[in-house]
Amino acid sequence: MFNGFNISASSLTAQRLRMDVISANMANAETTRANLVNGEWQPYRRKMVVMQPNQQNFSSYLNKAMNQSSHPGEGVKVSRITEDRTPFKLMYQPEHPDADADGYVKLPNVDPLREMVDLMSATRSYEANVTTLNATKNMLMKALEIGR
């Protein structure tokens with residue numbers, strides 16, 4: 001009966017984390033000293049949220065296949081937060097304190113346009129799940145009214 005609530009809640013949690021990670025990416029779009037690697041400062045690396053279905057293991061898939069039940073989904077979960085391995089941007093700025101011997105500064109691999117598109121996608125997904133949650137609540141309320 002409450003499976004719809006659980007699915008929406010898991011997605012709301014995942015999309016909220018995705019928005020938080022995108023916000024951190026935007027906040028660090030100009031950070032040239034984020035990580036100390038081998039005694040050398042590295043720029044901030046863009047982070048991405050990886051989601052997967054909330055089904056735990058192979059046996060849950062096998063049991064569903066053997067019972068041949070049309071069990072609805074179980075929502076999503078964040079499996080990990082990964083770093084984008086695309087190369088850093090280089091900008092010629094010889095007066096910058098982080099410039100190399102040739103005068104180039106490594107800038108984060110964060111593209112503000114891509115982050116805004118991802119943020120809009122996460123926001124729309126969040127809103128869609130709130131709408132689904134409200135629709136489920138309204139259906140359950142109507143079902144309770146039938147008994148009066």
# chains A, B, ... in the order shown; residues from 1 in each chain; ligands from 1
$ select_by_dssp --residues "chain A" --states "strand (DSSP E or B)" --output "PyMOL selection string"
chain A and resi 35-37+40-42+47-53+76-83+89-92+104-107
$ closest_atom_pairs --of "range 97-143 of chain A" --to "range 12-15 of chain A" --cutoff "12 Å" --atoms "only C-alpha atoms" --output "JSON lines"
{"residue": "A:Asp118", "atom": "CA", "partner": "A:Gln15", "partner_atom": "CA", "distance": 10.6}
{"residue": "A:Leu119", "atom": "CA", "partner": "A:Gln15", "partner_atom": "CA", "distance": 9.5}
{"residue": "A:Met120", "atom": "CA", "partner": "A:Gln15", "partner_atom": "CA", "distance": 11.0}
{"residue": "A:Ser121", "atom": "CA", "partner": "A:Gln15", "partner_atom": "CA", "distance": 9.3}
{"residue": "A:Ala122", "atom": "CA", "partner": "A:Gln15", "partner_atom": "CA", "distance": 5.7}
{"residue": "A:Thr123", "atom": "CA", "partner": "A:Gln15", "partner_atom": "CA", "distance": 7.5}
{"residue": "A:Arg124", "atom": "CA", "partner": "A:Gln15", "partner_atom": "CA", "distance": 9.5}
{"residue": "A:Ser125", "atom": "CA", "partner": "A:Gln15", "partner_atom": "CA", "distance": 7.1}
{"residue": "A:Tyr126", "atom": "CA", "partner": "A:Leu12", "partner_atom": "CA", "distance": 5.7}
{"residue": "A:Glu127", "atom": "CA", "partner": "A:Leu12", "partner_atom": "CA", "distance": 8.7}
{"residue": "A:Ala128", "atom": "CA", "partner": "A:Leu12", "partner_atom": "CA", "distance": 9.4}
{"residue": "A:Asn129", "atom": "CA", "partner": "A:Leu12", "partner_atom": "CA", "distance": 6.5}
{"residue": "A:Val130", "atom": "CA", "partner": "A:Leu12", "partner_atom": "CA", "distance": 7.7}
{"residue": "A:Thr131", "atom": "CA", "partner": "A:Leu12", "partner_atom": "CA", "distance": 11.0}
{"residue": "A:Thr132", "atom": "CA", "partner": "A:Leu12", "partner_atom": "CA", "distance": 10.7}
{"residue": "A:Leu133", "atom": "CA", "partner": "A:Leu12", "partner_atom": "CA", "distance": 9.7}
$ atom_distance --atom1 "CA of Met51 in chain A" --atom2 "CA of Val78 in chain A"
4.4 Å
$ atom_distance --atom1 "CA of Met139 in chain A" --atom2 "CA of Asn54 in chain A"
24.3 Å
$ closest_residue --among "A:Val117, A:Ala135, A:Ile146, A:Leu107" --to "Thr31 in chain A" --atoms "only C-alpha atoms"
A:Leu107
$ select_by_dssp --residues "chain A" --states "alpha helix (DSSP H)" --output "PyMOL selection string"
chain A and resi 3-27+58-67+112-146
$ decode --residues "range 6-50 of chain A" --atoms "N, CA and C atoms" --output "compact mmCIF listing (two decimals), in the first residue's frame"
# COMPACT_ATOMS: atom_id res chain seq x y z
N ASN A 6 7.35 5.00 -0.77
CA ASN A 6 8.74 4.60 -0.62
C ASN A 6 9.55 4.88 -1.88
N ILE A 7 8.95 4.61 -3.04
CA ILE A 7 9.64 4.87 -4.31
C ILE A 7 9.89 6.37 -4.47
N SER A 8 8.87 7.18 -4.23
CA SER A 8 9.03 8.62 -4.36
C SER A 8 10.03 9.17 -3.34
N ALA A 9 9.99 8.66 -2.14
CA ALA A 9 10.91 9.13 -1.10
C ALA A 9 12.36 8.81 -1.46
N SER A 10 12.60 7.63 -2.01
CA SER A 10 13.97 7.29 -2.39
C SER A 10 14.47 8.20 -3.51
N SER A 11 13.60 8.50 -4.45
CA SER A 11 14.00 9.38 -5.55
C SER A 11 14.20 10.82 -5.06
N LEU A 12 13.34 11.28 -4.16
CA LEU A 12 13.52 12.63 -3.61
C LEU A 12 14.86 12.75 -2.90
N THR A 13 15.23 11.74 -2.14
CA THR A 13 16.51 11.75 -1.44
C THR A 13 17.67 11.77 -2.43
N ALA A 14 17.59 10.94 -3.47
CA ALA A 14 18.67 10.87 -4.45
C ALA A 14 18.79 12.17 -5.24
N GLN A 15 17.66 12.76 -5.64
CA GLN A 15 17.71 14.01 -6.40
C GLN A 15 18.21 15.17 -5.54
N ARG A 16 17.88 15.15 -4.26
CA ARG A 16 18.37 16.20 -3.36
C ARG A 16 19.89 16.12 -3.24
N LEU A 17 20.43 14.92 -3.11
CA LEU A 17 21.88 14.76 -3.06
C LEU A 17 22.51 15.21 -4.37
N ARG A 18 21.87 14.87 -5.47
CA ARG A 18 22.37 15.30 -6.79
C ARG A 18 22.43 16.83 -6.87
N MET A 19 21.39 17.51 -6.37
CA MET A 19 21.41 18.98 -6.37
C MET A 19 22.51 19.52 -5.47
N ASP A 20 22.76 18.87 -4.35
CA ASP A 20 23.84 19.29 -3.45
C ASP A 20 25.21 19.17 -4.12
N VAL A 21 25.42 18.07 -4.84
CA VAL A 21 26.69 17.86 -5.53
C VAL A 21 26.86 18.88 -6.65
N ILE A 22 25.81 19.17 -7.38
CA ILE A 22 25.87 20.17 -8.44
C ILE A 22 26.19 21.54 -7.84
N SER A 23 25.60 21.86 -6.70
CA SER A 23 25.89 23.13 -6.03
C SER A 23 27.36 23.22 -5.62
N ALA A 24 27.90 22.10 -5.13
CA ALA A 24 29.32 22.08 -4.76
C ALA A 24 30.19 22.27 -6.00
N ASN A 25 29.81 21.67 -7.11
CA ASN A 25 30.55 21.86 -8.36
C ASN A 25 30.57 23.33 -8.76
N MET A 26 29.40 23.96 -8.72
CA MET A 26 29.31 25.38 -9.10
C MET A 26 30.12 26.27 -8.15
N ALA A 27 30.08 25.96 -6.87
CA ALA A 27 30.80 26.76 -5.89
C ALA A 27 32.31 26.65 -6.08
N ASN A 28 32.78 25.53 -6.61
CA ASN A 28 34.22 25.31 -6.79
C ASN A 28 34.67 25.43 -8.24
N ALA A 29 33.90 26.08 -9.07
CA ALA A 29 34.21 26.19 -10.49
C ALA A 29 35.51 26.96 -10.76
N GLU A 30 35.98 27.73 -9.81
CA GLU A 30 37.22 28.51 -9.97
C GLU A 30 38.30 28.10 -8.97
N THR A 31 38.09 27.01 -8.24
CA THR A 31 39.03 26.60 -7.19
C THR A 31 40.23 25.89 -7.80
N THR A 32 41.40 26.49 -7.69
CA THR A 32 42.61 25.92 -8.27
C THR A 32 43.41 25.10 -7.26
N ARG A 33 43.07 25.20 -5.99
CA ARG A 33 43.77 24.44 -4.94
C ARG A 33 42.77 23.66 -4.10
N ALA A 34 42.40 22.49 -4.58
CA ALA A 34 41.40 21.69 -3.87
C ALA A 34 42.03 20.46 -3.21
N ASN A 35 42.94 19.79 -3.92
CA ASN A 35 43.54 18.55 -3.42
C ASN A 35 45.05 18.62 -3.52
N LEU A 36 45.72 18.16 -2.48
CA LEU A 36 47.17 18.08 -2.48
C LEU A 36 47.57 16.67 -2.90
N VAL A 37 48.16 16.54 -4.09
CA VAL A 37 48.56 15.25 -4.64
C VAL A 37 50.06 15.27 -4.89
N ASN A 38 50.78 14.39 -4.20
CA ASN A 38 52.25 14.30 -4.34
C ASN A 38 52.93 15.65 -4.13
N GLY A 39 52.48 16.39 -3.15
CA GLY A 39 53.08 17.68 -2.84
C GLY A 39 52.70 18.80 -3.79
N GLU A 40 51.77 18.55 -4.70
CA GLU A 40 51.36 19.56 -5.67
C GLU A 40 49.84 19.76 -5.58
N TRP A 41 49.42 21.01 -5.58
CA TRP A 41 47.99 21.31 -5.52
C TRP A 41 47.34 21.00 -6.86
N GLN A 42 46.17 20.38 -6.80
CA GLN A 42 45.37 20.08 -7.98
C GLN A 42 44.07 20.86 -7.92
N PRO A 43 43.54 21.27 -9.07
CA PRO A 43 42.25 21.97 -9.07
C PRO A 43 41.12 21.02 -8.64
N TYR A 44 40.00 21.62 -8.35
CA TYR A 44 38.80 20.86 -8.00
C TYR A 44 38.38 20.01 -9.19
N ARG A 45 37.99 18.78 -8.93
CA ARG A 45 37.45 17.90 -9.97
C ARG A 45 35.94 17.82 -9.83
N ARG A 46 35.26 17.95 -10.96
CA ARG A 46 33.81 17.85 -10.99
C ARG A 46 33.36 16.50 -10.45
N LYS A 47 32.32 16.52 -9.65
CA LYS A 47 31.77 15.29 -9.08
C LYS A 47 30.41 15.00 -9.71
N MET A 48 30.10 13.70 -9.80
CA MET A 48 28.84 13.27 -10.39
C MET A 48 28.21 12.20 -9.50
N VAL A 49 26.89 12.20 -9.44
CA VAL A 49 26.14 11.22 -8.65
C VAL A 49 25.75 10.07 -9.56
N VAL A 50 26.01 8.85 -9.10
CA VAL A 50 25.65 7.64 -9.84
C VAL A 50 24.53 6.95 -9.06
